[in-house]
Structure formats: C-alpha cells, structure tokens
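Text of protein.pdb, listed as PDB, C-alpha atoms:
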```pdb
ATOM      1  CA  MET A 561     -35.455 -41.126 -17.596
ATOM      2  CA  GLU A 562     -32.482 -39.604 -19.438
ATOM      3  CA  THR A 563     -32.709 -42.396 -22.028
ATOM      4  CA  ALA A 564     -36.385 -41.685 -22.687
ATOM      5  CA  ASP A 565     -35.723 -37.939 -23.060
ATOM      6  CA  ARG A 566     -32.857 -38.616 -25.385
ATOM      7  CA  LYS A 567     -35.018 -40.863 -27.592
ATOM      8  CA  ARG A 568     -37.784 -38.248 -27.711
ATOM      9  CA  GLY A 569     -35.126 -35.669 -28.745
ATOM     10  CA  GLU A 570     -33.857 -37.918 -31.536
ATOM     11  CA  ILE A 571     -37.415 -38.460 -32.805
ATOM     12  CA  VAL A 572     -38.114 -34.720 -32.774
ATOM     13  CA  GLY A 573     -34.771 -34.050 -34.567
ATOM     14  CA  LYS A 574     -35.539 -36.580 -37.277
ATOM     15  CA  THR A 575     -39.019 -35.130 -37.667
ATOM     16  CA  GLU A 576     -37.607 -31.605 -38.104
ATOM     17  CA  LEU A 577     -34.990 -32.907 -40.532
ATOM     18  CA  ALA A 578     -37.691 -34.627 -42.549
ATOM     19  CA  LYS A 579     -39.711 -31.391 -42.673
ATOM     20  CA  ALA A 580     -36.654 -29.474 -43.818
ATOM     21  CA  TYR A 581     -36.009 -32.055 -46.528
ATOM     22  CA  VAL A 582     -39.610 -31.820 -47.713
ATOM     23  CA  GLN A 583     -39.263 -28.033 -47.929
ATOM     24  CA  ILE A 584     -35.790 -27.779 -49.420
ATOM     25  CA  ILE A 585     -35.794 -30.482 -52.100
ATOM     26  CA  PRO A 586     -38.812 -29.219 -54.040
ATOM     27  CA  SER A 587     -37.284 -25.736 -53.905
ATOM     28  CA  ALA A 588     -34.064 -27.055 -55.372
ATOM     29  CA  LYS A 589     -36.022 -28.803 -58.102
ATOM     30  CA  GLY A 590     -37.773 -25.547 -58.759
ATOM     31  CA  ILE A 591     -34.419 -23.878 -59.194
ATOM     32  CA  GLY A 592     -33.491 -26.570 -61.672
ATOM     33  CA  GLY A 593     -36.722 -25.931 -63.524
ATOM     34  CA  MET A 594     -35.998 -22.236 -63.614
ATOM     35  CA  LEU A 595     -32.556 -22.956 -65.037
ATOM     36  CA  GLN A 596     -34.139 -25.243 -67.591
ATOM     37  CA  ASN A 597     -36.507 -22.514 -68.652
ATOM     38  CA  GLU A 598     -33.691 -20.003 -68.922
ATOM     39  CA  VAL A 599     -31.020 -22.057 -70.619
ATOM     40  CA  GLY A 600     -33.002 -24.907 -72.155
ATOM     41  CA  GLY A 601     -32.164 -27.908 -69.992
ATOM     42  CA  GLU A 602     -30.873 -29.170 -66.620
ATOM     43  CA  THR A 603     -27.561 -30.692 -65.517
ATOM     44  CA  ASP A 604     -25.389 -31.594 -68.499
ATOM     45  CA  ALA A 605     -27.895 -30.363 -71.043
ATOM     46  CA  ALA A 606     -28.202 -27.082 -69.207
ATOM     47  CA  GLY A 607     -24.453 -26.724 -69.111
ATOM     48  CA  LYS A 608     -24.104 -27.372 -72.817
ATOM     49  CA  SER A 609     -26.952 -25.035 -73.690
ATOM     50  CA  LEU A 610     -25.618 -22.350 -71.383
ATOM     51  CA  GLY A 611     -22.203 -22.637 -72.958
ATOM     52  CA  GLY A 612     -23.760 -22.368 -76.392
ATOM     53  CA  ARG A 613     -25.763 -19.324 -75.399
ATOM     54  CA  ILE A 614     -22.739 -17.646 -73.864
ATOM     55  CA  GLY A 615     -20.794 -18.398 -77.039
ATOM     56  CA  GLY A 616     -23.635 -17.008 -79.099
ATOM     57  CA  ALA A 617     -23.770 -13.909 -76.967
ATOM     58  CA  ILE A 618     -20.029 -13.412 -77.396
ATOM     59  CA  LYS A 619     -20.391 -13.763 -81.164
ATOM     60  CA  VAL A 620     -23.194 -11.216 -81.192
ATOM     61  CA  ALA A 621     -21.098  -8.873 -79.069
ATOM     62  CA  VAL A 622     -18.119  -9.250 -81.388
ATOM     63  CA  ILE A 623     -20.271  -8.663 -84.472
ATOM     64  CA  ALA A 624     -21.924  -5.672 -82.823
ATOM     65  CA  ALA A 625     -18.522  -4.255 -81.911
ATOM     66  CA  GLY A 626     -17.351  -4.737 -85.491
ATOM     67  CA  ILE A 627     -20.429  -3.026 -86.889
ATOM     68  CA  GLY A 628     -20.031  -0.225 -84.379
ATOM     69  CA  LYS A 629     -16.404   0.243 -85.379
ATOM     70  CA  ALA A 630     -17.332   0.275 -89.067
ATOM     71  CA  ILE A 631     -20.060   2.858 -88.469
ATOM     72  CA  SER A 632     -17.670   5.000 -86.447
ATOM     73  CA  ALA A 633     -15.005   4.752 -89.169
ATOM     74  CA  SER A 634     -17.560   5.616 -91.834
ATOM     75  CA  ILE A 635     -18.794   8.682 -89.973
ATOM     76  CA  SER A 636     -15.242   9.850 -89.318
ATOM     77  CA  GLU A 637     -14.217   9.356 -92.944
ATOM     78  CA  GLY A 638     -17.409  11.077 -94.107
ATOM     79  CA  ALA A 639     -16.834  14.106 -91.888
ATOM     80  CA  GLU A 640     -13.270  14.512 -93.156
ATOM     81  CA  LEU A 641     -14.405  13.958 -96.737
ATOM     82  CA  GLU A 642     -16.998  16.739 -96.482
ATOM     83  CA  GLN A 643     -14.340  19.110 -95.171
ATOM     84  CA  SER A 644     -11.891  18.119 -97.904
ATOM     85  CA  ILE A 645     -14.501  18.617-100.628
ATOM     86  CA  GLY A 646     -15.277  22.049 -99.205
ATOM     87  CA  GLY A 647     -11.609  23.033 -99.388
ATOM     88  CA  ILE A 648     -11.269  21.833-102.981
ATOM     89  CA  GLU A 649     -14.434  23.653-104.077
ATOM     90  CA  THR A 650     -13.208  26.865-102.462
ATOM     91  CA  LEU A 651      -9.785  26.713-104.121
ATOM     92  CA  PHE A 652     -10.569  25.241-107.534
ATOM     93  CA  LYS A 653     -14.075  26.649-108.114
ATOM     94  CA  ASP A 654     -15.193  25.643-111.651
ATOM     95  CA  SER A 655     -12.446  22.990-111.817
ATOM     96  CA  ALA A 656     -13.357  21.400-108.480
ATOM     97  CA  GLU A 657     -15.116  18.467-110.166
ATOM     98  CA  LYS A 658     -11.928  17.702-112.088
ATOM     99  CA  VAL A 659      -9.953  17.545-108.845
ATOM    100  CA  LYS A 660     -12.629  15.399-107.179
ATOM    101  CA  GLN A 661     -12.537  12.965-110.101
ATOM    102  CA  ASN A 662      -8.750  12.756-109.853
ATOM    103  CA  ALA A 663      -9.176  12.141-106.125
ATOM    104  CA  ALA A 664     -11.670   9.346-106.794
ATOM    105  CA  ASN A 665      -9.069   7.609-108.985
ATOM    106  CA  ALA A 666      -6.226   8.133-106.495
ATOM    107  CA  TYR A 667      -6.766   4.681-104.947
ATOM    108  CA  LYS A 668      -4.959   3.228-107.974
ATOM    109  CA  THR A 669      -2.881   6.180-109.272
ATOM    110  CA  ALA A 670      -1.506   7.369-105.929
ATOM    111  CA  GLY A 671      -2.341   4.550-103.495
ATOM    112  CA  MET A 672      -4.422   6.844-101.277
ATOM    113  CA  SER A 673      -8.061   7.563-100.570
ATOM    114  CA  ALA A 674      -9.919  10.497-102.134
ATOM    115  CA  ASN A 675      -9.926  12.204 -98.763
ATOM    116  CA  GLU A 676      -6.155  11.888 -98.322
ATOM    117  CA  TYR A 677      -5.623  13.108-101.874
ATOM    118  CA  MET A 678      -7.770  16.217-101.410
ATOM    119  CA  GLN A 679      -6.302  17.054 -98.001
ATOM    120  CA  LEU A 680      -2.760  17.016 -99.350
ATOM    121  CA  THR A 681      -3.722  18.838-102.557
ATOM    122  CA  THR A 682      -5.341  21.587-100.504
ATOM    123  CA  SER A 683      -2.153  22.057 -98.471
ATOM    124  CA  PHE A 684      -0.158  23.432-101.429
ATOM    125  CA  SER A 685      -2.777  24.513-103.983
ATOM    126  CA  ALA A 686      -3.098  28.165-102.909
ATOM    127  CA  SER A 687       0.546  28.770-103.889
ATOM    128  CA  LEU A 688       0.177  26.584-106.969
ATOM    129  CA  LEU A 689      -2.802  28.590-108.188
ATOM    130  CA  GLN A 690      -0.919  31.825-107.625
ATOM    131  CA  SER A 691       2.011  30.571-109.714
ATOM    132  CA  LEU A 692      -0.421  29.761-112.539
ATOM    133  CA  GLY A 693      -2.335  33.024-112.464
ATOM    134  CA  ASN A 694      -5.362  31.264-110.885
ATOM    135  CA  ASP A 695      -5.813  28.961-113.873
ATOM    136  CA  THR A 696      -7.777  26.334-111.935
ATOM    137  CA  ALA A 697      -7.916  23.767-114.746
ATOM    138  CA  LYS A 698      -4.142  23.855-115.212
ATOM    139  CA  ALA A 699      -3.624  23.780-111.448
ATOM    140  CA  ALA A 700      -5.814  20.657-111.186
ATOM    141  CA  ASP A 701      -3.579  18.882-113.740
ATOM    142  CA  VAL A 702      -0.333  19.950-112.072
ATOM    143  CA  ALA A 703      -1.649  19.009-108.623
ATOM    144  CA  ASP A 704      -2.601  15.530-109.885
ATOM    145  CA  MET A 705       0.849  15.124-111.426
ATOM    146  CA  ALA A 706       2.480  16.182-108.154
ATOM    147  CA  MET A 707       0.334  13.820-106.082
ATOM    148  CA  THR A 708       1.198  10.884-108.309
ATOM    149  CA  ASP A 709       4.888  11.829-108.295
ATOM    150  CA  MET A 710       4.893  11.888-104.485
ATOM    151  CA  SER A 711       3.453   8.412-104.292
ATOM    152  CA  ASP A 712       5.745   7.079-107.022
ATOM    153  CA  ASN A 713       8.757   8.487-105.193
ATOM    154  CA  MET A 714       7.697   6.796-101.963
ATOM    155  CA  ASN A 715       7.187   3.424-103.653
ATOM    156  CA  LYS A 716      10.283   3.462-105.832
ATOM    157  CA  MET A 717      12.807   5.178-103.584
ATOM    158  CA  GLY A 718      11.553   3.890-100.225
ATOM    159  CA  SER A 719      11.058   7.440 -98.969
ATOM    160  CA  ASN A 720       8.769   8.279 -96.072
ATOM    161  CA  MET A 721       5.535   9.842 -97.359
ATOM    162  CA  GLU A 722       5.498  12.368 -94.536
ATOM    163  CA  ASP A 723       8.966  13.570 -95.559
ATOM    164  CA  ILE A 724       7.843  13.855 -99.180
ATOM    165  CA  LYS A 725       4.741  15.826 -98.190
ATOM    166  CA  ASN A 726       6.874  18.188 -96.128
ATOM    167  CA  ALA A 727       9.207  18.713 -99.069
ATOM    168  CA  TYR A 728       6.393  19.576-101.503
ATOM    169  CA  GLN A 729       4.724  21.852 -98.974
ATOM    170  CA  GLY A 730       8.095  23.522 -98.410
ATOM    171  CA  PHE A 731       8.502  24.128-102.166
ATOM    172  CA  ALA A 732       5.181  26.008-102.063
ATOM    173  CA  LYS A 733       6.851  28.405 -99.600
ATOM    174  CA  GLN A 734      10.083  28.599-101.613
ATOM    175  CA  ASN A 735      11.790  26.485 -98.962
ATOM    176  CA  TYR A 736      14.060  23.889-100.570
ATOM    177  CA  THR A 737      15.807  22.509 -97.487
ATOM    178  CA  MET A 738      13.916  19.227 -97.793
ATOM    179  CA  LEU A 739      14.622  18.591-101.472
ATOM    180  CA  ASP A 740      16.984  15.799-100.424
ATOM    181  CA  ASN A 741      13.949  13.978 -98.931
ATOM    182  CA  LEU A 742      13.077  12.944-102.493
ATOM    183  CA  LYS A 743      16.381  11.053-102.896
ATOM    184  CA  LEU A 744      16.804  12.233-106.489
ATOM    185  CA  GLY A 745      20.474  13.146-106.097
ATOM    186  CA  TYR A 746      19.934  16.775-105.132
ATOM    187  CA  GLY A 747      20.741  18.391-101.788
ATOM    188  CA  GLY A 748      18.455  20.516 -99.681
ATOM    189  CA  THR A 749      19.415  23.992-100.861
ATOM    190  CA  LYS A 750      18.111  26.625-103.268
ATOM    191  CA  THR A 751      21.225  26.127-105.402
ATOM    192  CA  GLU A 752      20.487  22.413-105.670
ATOM    193  CA  MET A 753      16.893  23.151-106.707
ATOM    194  CA  GLU A 754      18.231  25.480-109.403
ATOM    195  CA  ARG A 755      20.475  22.633-110.576
ATOM    196  CA  LEU A 756      17.451  20.323-110.741
ATOM    197  CA  LEU A 757      15.540  22.896-112.811
ATOM    198  CA  ALA A 758      18.503  23.298-115.138
ATOM    199  CA  ASP A 759      18.814  19.526-115.573
ATOM    200  CA  ALA A 760      15.110  19.261-116.410
ATOM    201  CA  GLU A 761      15.504  22.093-118.948
ATOM    202  CA  LYS A 762      18.314  20.197-120.675
ATOM    203  CA  ILE A 763      15.992  17.210-121.066
ATOM    204  CA  THR A 764      12.889  19.027-122.292
ATOM    205  CA  GLY A 765      14.117  22.388-123.558
ATOM    206  CA  VAL A 766      11.535  24.085-121.306
ATOM    207  CA  LYS A 767      12.455  26.923-118.929
ATOM    208  CA  TYR A 768      11.434  26.171-115.313
ATOM    209  CA  ASP A 769      11.189  28.832-112.612
ATOM    210  CA  ASN A 770       7.904  29.154-110.630
ATOM    211  CA  LEU A 771       6.214  26.629-108.284
ATOM    212  CA  SER A 772       4.279  24.917-111.050
ATOM    213  CA  ASP A 773       7.544  24.580-112.928
ATOM    214  CA  VAL A 774       9.236  23.106-109.867
ATOM    215  CA  TYR A 775       6.669  20.320-109.709
ATOM    216  CA  SER A 776       6.912  19.794-113.474
ATOM    217  CA  ALA A 777      10.715  19.664-113.351
ATOM    218  CA  ILE A 778      10.632  17.064-110.568
ATOM    219  CA  HIS A 779       8.247  15.042-112.740
ATOM    220  CA  VAL A 780      10.740  15.185-115.605
ATOM    221  CA  ILE A 781      13.657  14.072-113.432
ATOM    222  CA  GLN A 782      11.634  11.221-111.909
ATOM    223  CA  GLY A 783      10.662  10.128-115.418
ATOM    224  CA  GLU A 784      14.323   9.979-116.389
ATOM    225  CA  LEU A 785      15.054   7.857-113.317
ATOM    226  CA  GLY A 786      12.252   5.403-114.095
ATOM    227  CA  ILE A 787      10.193   6.402-111.072
ATOM    228  CA  THR A 788       7.057   7.641-112.840
ATOM    229  CA  GLY A 789       4.106   5.225-112.857
ATOM    230  CA  THR A 790       5.461   3.030-110.065
ATOM    231  CA  THR A 791       2.388   3.313-107.840
ATOM    232  CA  ALA A 792      -0.118   2.353-110.541
ATOM    233  CA  LYS A 793       2.058  -0.607-111.533
ATOM    234  CA  GLU A 794       2.488  -1.803-107.952
ATOM    235  CA  ALA A 795      -1.263  -1.501-107.320
ATOM    236  CA  GLU A 796      -1.660  -4.244-109.917
ATOM    237  CA  THR A 797       1.401  -6.405-109.437
ATOM    238  CA  THR A 798       2.617  -6.314-105.812
ATOM    239  CA  LEU A 799       1.121  -7.441-102.530
ATOM    240  CA  SER A 800       1.816  -4.187-100.672
ATOM    241  CA  GLY A 801       0.698  -2.003-103.587
ATOM    242  CA  SER A 802      -2.560  -3.878-104.121
ATOM    243  CA  LEU A 803      -3.224  -3.838-100.371
ATOM    244  CA  ALA A 804      -2.802  -0.046-100.255
ATOM    245  CA  SER A 805      -5.107   0.333-103.238
ATOM    246  CA  MET A 806      -7.737  -1.927-101.644
ATOM    247  CA  LYS A 807      -7.619  -0.027 -98.342
ATOM    248  CA  ALA A 808      -7.949   3.313-100.130
ATOM    249  CA  ALA A 809     -10.927   2.055-102.144
ATOM    250  CA  PHE A 810     -12.597   0.818 -98.971
ATOM    251  CA  ASN A 811     -12.074   4.184 -97.253
ATOM    252  CA  ASN A 812     -13.692   5.851-100.267
ATOM    253  CA  LEU A 813     -16.684   3.564 -99.829
ATOM    254  CA  LEU A 814     -17.001   4.366 -96.122
ATOM    255  CA  GLY A 815     -16.771   8.101 -96.711
ATOM    256  CA  ASN A 816     -19.337   8.180 -99.494
ATOM    257  CA  ILE A 817     -21.765   6.047 -97.507
ATOM    258  CA  ALA A 818     -21.584   8.562 -94.657
ATOM    259  CA  ILE A 819     -22.282  11.610 -96.848
ATOM    260  CA  GLY A 820     -25.083   9.897 -98.756
ATOM    261  CA  GLU A 821     -23.433   9.701-102.175
ATOM    262  CA  ASP A 822     -24.166   7.095-104.828
ATOM    263  CA  ILE A 823     -21.708   4.292-104.021
ATOM    264  CA  THR A 824     -22.064   2.231-107.221
ATOM    265  CA  ASP A 825     -18.581   3.130-108.445
ATOM    266  CA  GLU A 826     -17.039   2.717-104.994
ATOM    267  CA  LEU A 827     -18.504  -0.782-104.605
ATOM    268  CA  LYS A 828     -17.127  -1.726-108.006
ATOM    269  CA  GLN A 829     -13.708  -0.348-107.082
ATOM    270  CA  VAL A 830     -13.663  -2.285-103.817
ATOM    271  CA  GLY A 831     -14.568  -5.458-105.702
ATOM    272  CA  GLU A 832     -11.845  -4.892-108.284
ATOM    273  CA  THR A 833      -9.134  -4.116-105.737
ATOM    274  CA  VAL A 834     -10.079  -7.079-103.538
ATOM    275  CA  ALA A 835      -9.888  -9.379-106.585
ATOM    276  CA  THR A 836      -6.503  -7.928-107.554
ATOM    277  CA  PHE A 837      -5.177  -8.300-104.016
ATOM    278  CA  LEU A 838      -6.405 -11.872-103.565
ATOM    279  CA  THR A 839      -6.185 -13.551-106.977
ATOM    280  CA  GLY A 840      -3.486 -11.362-108.465
ATOM    281  CA  ASN A 841      -1.070 -11.232-105.545
ATOM    282  CA  LEU A 842      -1.901 -12.968-102.249
ATOM    283  CA  ILE A 843      -2.963 -16.394-103.540
ATOM    284  CA  PRO A 844      -0.038 -16.684-106.005
ATOM    285  CA  MET A 845       2.324 -15.724-103.178
ATOM    286  CA  ILE A 846       0.810 -18.405-100.934
ATOM    287  CA  GLY A 847       1.180 -20.822-103.835
ATOM    288  CA  ASN A 848       4.865 -20.017-104.095
ATOM    289  CA  VAL A 849       5.294 -20.624-100.369
ATOM    290  CA  LEU A 850       3.443 -23.952-100.517
ATOM    291  CA  ALA A 851       5.432 -25.003-103.568
ATOM    292  CA  SER A 852       8.644 -24.613-101.603
ATOM    293  CA  ILE A 853       7.424 -26.702 -98.656
ATOM    294  CA  PRO A 854       8.191 -30.129-100.211
ATOM    295  CA  ASP A 855      11.830 -29.145-100.585
ATOM    296  CA  LEU A 856      11.961 -28.040 -96.945
ATOM    297  CA  LEU A 857       9.871 -30.630 -95.137
ATOM    298  CA  GLY A 858       9.131 -33.438 -97.550
ATOM    299  CA  LYS A 859       6.279 -34.055 -99.980
ATOM    300  CA  ASP A 860       4.237 -36.194 -97.577
ATOM    301  CA  PHE A 861       4.165 -33.420 -94.979
ATOM    302  CA  ALA A 862       3.129 -30.855 -97.595
ATOM    303  CA  ALA A 863       0.383 -33.122 -98.928
ATOM    304  CA  ALA A 864      -0.939 -33.699 -95.410
ATOM    305  CA  GLY A 865      -0.973 -29.965 -94.792
ATOM    306  CA  LEU A 866      -2.861 -29.271 -97.999
ATOM    307  CA  ASN A 867      -5.387 -32.004 -97.202
ATOM    308  CA  MET A 868      -5.954 -30.524 -93.748
ATOM    309  CA  ILE A 869      -6.563 -27.075 -95.268
ATOM    310  CA  ALA A 870      -8.996 -28.530 -97.801
ATOM    311  CA  GLU A 871     -10.928 -30.498 -95.197
ATOM    312  CA  ASN A 872     -11.282 -27.445 -92.960
ATOM    313  CA  SER A 873     -11.732 -24.802 -95.632
ATOM    314  CA  ASP A 874     -15.217 -23.824 -94.450
ATOM    315  CA  GLN A 875     -13.918 -23.123 -90.933
ATOM    316  CA  ILE A 876     -10.870 -21.298 -92.289
TER
END
```
Let me see the file written as structure tokens.
Amino acid sequence: METADRKRGEIVGKTELAKAYVQIIPSAKGIGGMLQNEVGGETDAAGKSLGGRIGGAIKVAVIAAGIGKAISASISEGAELEQSIGGIETLFKDSAEKVKQNAANAYKTAGMSANEYMQLTTSFSASLLQSLGNDTAKAADVADMAMTDMSDNMNKMGSNMEDIKNAYQGFAKQNYTMLDNLKLGYGGTKTEMERLLADAEKITGVKYDNLSDVYSAIHVIQGELGITGTTAKEAETTLSGSLASMKAAFNNLLGNIAIGEDITDELKQVGETVATFLTGNLIPMIGNVLASIPDLLGKDFAAAGLNMIAENSDQI
C-alpha cells in the first residue's frame, strides 16, 4: 500500500514539474526576446550589442559633458566680458573703442584674453587718467604700453604676473614697495623709484614724475634691458608663448559668442594661433625628441615606434 502511494506521489510530482517547465521556459524565452528587442540580439550577440550601446551611451555622455562645459565657459567669459567692456566705456569714453581694439590684440601682444586685458587696465586707469588730465586717447596708449610691459617682464624675468599686477596697481596709489617685484634692479622704496625715473631721464632726456611718467620710465628701462617685445616674440617662437596666445584667442572666441558679437576675426585668430602652436612649435619639438631616440634606444626601435604611430594615426 505504501509503495502504491509513493508511486502515485512520484507521478503527481513529475506532472507538476512538467507543468512548471511548460510555464517557465516560454517565459524565459520571452525574456530573451525582450532583451533582443532592447539590445538587438540574444546571448553573445546581445552581450556584444549591449556593450556597444553602453559604450555609445558613455561617448554621448562625455560629448554632452564637454559641450555643457564649453557652454558654461562661454557664458561665464561672456558675462565677464560685458562687465569689462562697461568699465572701459565708463573710463575711456570716446577712446573706449581704441582700448577695446588693443584688448582684442592682447592675445599676441600681451599673452592674455581681451577680458583679462580690460579687467587689469580698469584697475589702474582712473589714476592714469587723472595724471594725464583725462586725456583718454593718451591714457589708452599708455595703458597698452603698461600692459605689454607687464607681460614682457613676466616672460623675460620669470616674474609672477600677480606680483607684477600688484606692483603696477601700487604705483597708481603712489605705493612703490613692490617695485622690486619687477626685478629690474631697483628696490621697493620711493627713493628707488626716483632713481629709476632719473635713470630713464638720462637715457631719453625726458623728465618723469607723474603716474603716466612712471609707466613710461619703466618702459624705457625694460627696453634698455632687452625685455620689451618678449611676449609677442614668444607667442610666435616658443611652445609656452604660443600656447598662451592660443588659449587667449580661444577665450576671446567664447566670450564674443556669448555676447552675440561677430566672431569672424576671433575664428581667424584661433586658427592662426593653433597653426602657430602646432606647426611652428609643438610638431618641431616632437621632431627633435624623435630625432634623439635613435641615439638613446637604437634606430630599429625608433623606426618601429614611428611605424606604429603611422599605422594608428587615425586612432591617435
């Protein structure tokens, strides 16, 4: 009797198992079909397609993040540019366009963007204008000279730009304690500034005394030391100088896009600075490095490396 009951139990169990199989397996296949619809294939194909889609999604996310960052940078640069232009127009009035044009060229003359140029010019121009009897045209010329001298000093003497800015802003307040920041051989005192003015007078025969004269005298001394024009030269001939010029030109482009200006000139400037950076400085430098490889590692190794770069240039 127990044997018969046990057999009936086994039959019932198998029957229930069969029913469960019939119900579960089609459901599982349905899941596979759903995956196929979503990712374009089952099993291995599904895995490959899913991986591709995830990779594609990551690429899209990265591109979107890059675009978002560029838009954010453009808006930020545009907002600051509008404020800088407002300051220049308030201070320089009829000569504001002259200052803005100098600012537009600062990417190669001073290694800075138009916005940076106008912000720094604004910081000392009230005192400069006062020393020139509010002659805005003359003040625009002196300010441009001072801006270029600051950048030249940084590039030639290895000074910190922030220290140079502080020195020039201090001069506008008749504070000469940071004169030594310029590394021109003069200490940070009023007496030392008077000595600088006297030395400049010996060179030019011109009497220097007010703020405009201070900036002009510094220009004379830097000319004697071979500092003048360093930034413009380095923007053409050095890797770091051409990189700074390219970055400044690109910031000008971002700012003008944001405020709705015609960007024809800015696009041209970006193209020119990129070409100078790449073909004028970076590629020749890489060439010099590659040329030295045979001496270090052997010609066969260098040739193999160059072949690998050539074969994978599209991916690079």
At a cut-off of 10 Å, using all atoms listed in the file, what residues contact segment 737-752 of chain A? Leave out same-chain residues fewer than 4 positions from it and give the result as a PDB file with C-alpha atoms, in the frame of the given file.
```pdb
ATOM      1  CA  MET A 710       4.893  11.888-104.485  1.00  0.00           C
ATOM      2  CA  ASN A 713       8.757   8.487-105.193  1.00  0.00           C
ATOM      3  CA  MET A 714       7.697   6.796-101.963  1.00  0.00           C
ATOM      4  CA  MET A 717      12.807   5.178-103.584  1.00  0.00           C
ATOM      5  CA  GLY A 718      11.553   3.890-100.225  1.00  0.00           C
ATOM      6  CA  SER A 719      11.058   7.440 -98.969  1.00  0.00           C
ATOM      7  CA  ASN A 720       8.769   8.279 -96.072  1.00  0.00           C
ATOM      8  CA  MET A 721       5.535   9.842 -97.359  1.00  0.00           C
ATOM      9  CA  GLU A 722       5.498  12.368 -94.536  1.00  0.00           C
ATOM     10  CA  ASP A 723       8.966  13.570 -95.559  1.00  0.00           C
ATOM     11  CA  ILE A 724       7.843  13.855 -99.180  1.00  0.00           C
ATOM     12  CA  LYS A 725       4.741  15.826 -98.190  1.00  0.00           C
ATOM     13  CA  ASN A 726       6.874  18.188 -96.128  1.00  0.00           C
ATOM     14  CA  ALA A 727       9.207  18.713 -99.069  1.00  0.00           C
ATOM     15  CA  TYR A 728       6.393  19.576-101.503  1.00  0.00           C
ATOM     16  CA  GLN A 729       4.724  21.852 -98.974  1.00  0.00           C
ATOM     17  CA  GLY A 730       8.095  23.522 -98.410  1.00  0.00           C
ATOM     18  CA  PHE A 731       8.502  24.128-102.166  1.00  0.00           C
ATOM     19  CA  LEU A 756      17.451  20.323-110.741  1.00  0.00           C
ATOM     20  CA  LEU A 757      15.540  22.896-112.811  1.00  0.00           C
ATOM     21  CA  ALA A 758      18.503  23.298-115.138  1.00  0.00           C
ATOM     22  CA  ILE A 778      10.632  17.064-110.568  1.00  0.00           C
ATOM     23  CA  ILE A 781      13.657  14.072-113.432  1.00  0.00           C
ATOM     24  CA  GLN A 782      11.634  11.221-111.909  1.00  0.00           C
ATOM     25  CA  LEU A 785      15.054   7.857-113.317  1.00  0.00           C
ATOM     26  CA  ILE A 787      10.193   6.402-111.072  1.00  0.00           C
TER      27      ILE A 787
END
```
So that I can check the surroundings of Ala760 of chain A, please list as a list in words every protein, DNA and RNA residue that reaches within 9 Å of it, counting all atoms listed in the file and ignoring chain neighbours fewer than 4 positions away.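 Listing them by chain and then by number gives Arg755, Leu756, Thr764, Gly765, Val766, Lys767, Tyr768, Ser776, Ala777, Ile778, His779, Val780 and Ile781 of chain A.
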Which residue gives the smallest distance to Gln829 of chain A among A:Leu692, A:Ala666, A:Ile631, A:Met678, with only C-alpha atoms counted?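 Looking only at the distances to Gln829 of chain A, the closest residue turns out to be A:Ala666.
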Just so the selection is clear, what residues does the PyMOL selection byres ((chain A and resi 696-708) around 8) cover here, as a PDB file with C-alpha atoms, in the coordinates of the input?
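The result, written out as result_36.pdb:
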```
ATOM      1  CA  PHE A 652     -10.569  25.241-107.534  1.00  0.00           C
ATOM      2  CA  LYS A 653     -14.075  26.649-108.114  1.00  0.00           C
ATOM      3  CA  ASP A 654     -15.193  25.643-111.651  1.00  0.00           C
ATOM      4  CA  SER A 655     -12.446  22.990-111.817  1.00  0.00           C
ATOM      5  CA  LYS A 658     -11.928  17.702-112.088  1.00  0.00           C
ATOM      6  CA  VAL A 659      -9.953  17.545-108.845  1.00  0.00           C
ATOM      7  CA  ASN A 662      -8.750  12.756-109.853  1.00  0.00           C
ATOM      8  CA  THR A 669      -2.881   6.180-109.272  1.00  0.00           C
ATOM      9  CA  ALA A 670      -1.506   7.369-105.929  1.00  0.00           C
ATOM     10  CA  TYR A 677      -5.623  13.108-101.874  1.00  0.00           C
ATOM     11  CA  THR A 681      -3.722  18.838-102.557  1.00  0.00           C
ATOM     12  CA  SER A 685      -2.777  24.513-103.983  1.00  0.00           C
ATOM     13  CA  LEU A 688       0.177  26.584-106.969  1.00  0.00           C
ATOM     14  CA  LEU A 689      -2.802  28.590-108.188  1.00  0.00           C
ATOM     15  CA  LEU A 692      -0.421  29.761-112.539  1.00  0.00           C
ATOM     16  CA  ASN A 694      -5.362  31.264-110.885  1.00  0.00           C
ATOM     17  CA  ASP A 695      -5.813  28.961-113.873  1.00  0.00           C
ATOM     18  CA  ASP A 709       4.888  11.829-108.295  1.00  0.00           C
ATOM     19  CA  MET A 710       4.893  11.888-104.485  1.00  0.00           C
ATOM     20  CA  SER A 711       3.453   8.412-104.292  1.00  0.00           C
ATOM     21  CA  ASP A 712       5.745   7.079-107.022  1.00  0.00           C
ATOM     22  CA  SER A 772       4.279  24.917-111.050  1.00  0.00           C
ATOM     23  CA  TYR A 775       6.669  20.320-109.709  1.00  0.00           C
ATOM     24  CA  SER A 776       6.912  19.794-113.474  1.00  0.00           C
ATOM     25  CA  HIS A 779       8.247  15.042-112.740  1.00  0.00           C
ATOM     26  CA  GLY A 789       4.106   5.225-112.857  1.00  0.00           C
ATOM     27  CA  THR A 791       2.388   3.313-107.840  1.00  0.00           C
TER      28      THR A 791
END
```
Which residues match the PyMOL selection byres ((chain A and resi 799) around 9) in the file above, as a short mmCIF file (atom, residue, chain, number, x, y, z; two decimals) with C-alpha atoms, keeping the file's coordinate frame?
```cif
data_model
loop_
_atom_site.label_atom_id
_atom_site.label_comp_id
_atom_site.auth_asym_id
_atom_site.auth_seq_id
_atom_site.Cartn_x
_atom_site.Cartn_y
_atom_site.Cartn_z
CA GLU A 794 2.49 -1.80 -107.95
CA ALA A 795 -1.26 -1.50 -107.32
CA GLU A 796 -1.66 -4.24 -109.92
CA THR A 797 1.40 -6.40 -109.44
CA THR A 798 2.62 -6.31 -105.81
CA SER A 800 1.82 -4.19 -100.67
CA GLY A 801 0.70 -2.00 -103.59
CA SER A 802 -2.56 -3.88 -104.12
CA LEU A 803 -3.22 -3.84 -100.37
CA ALA A 804 -2.80 -0.05 -100.26
CA PHE A 837 -5.18 -8.30 -104.02
CA LEU A 838 -6.40 -11.87 -103.56
CA GLY A 840 -3.49 -11.36 -108.46
CA ASN A 841 -1.07 -11.23 -105.54
CA LEU A 842 -1.90 -12.97 -102.25
CA MET A 845 2.32 -15.72 -103.18
#
```
At most 12 Å from (-11.8, 12.7, -101.0), file frame, only C-alpha atoms: which residues, as a ChimeraX atom specification? /A:637-649,656-657,659-667,672-682,808-809,811-816,819,826
Using Å and a single decimal, report how far atom CA of Ala835 of chain A sits from atom CA of Ser805 of chain A.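 Interatomic distance, atom CA of Ser805 of chain A to atom CA of Ala835 of chain A: 11.3 Å.
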In Å, with one decimal, what is the gap from atom CA of Leu771 of chain A to atom CA of Glu754 of chain A?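 Atom CA of Glu754 of chain A lies at a distance of 12.1 Å from atom CA of Leu771 of chain A.
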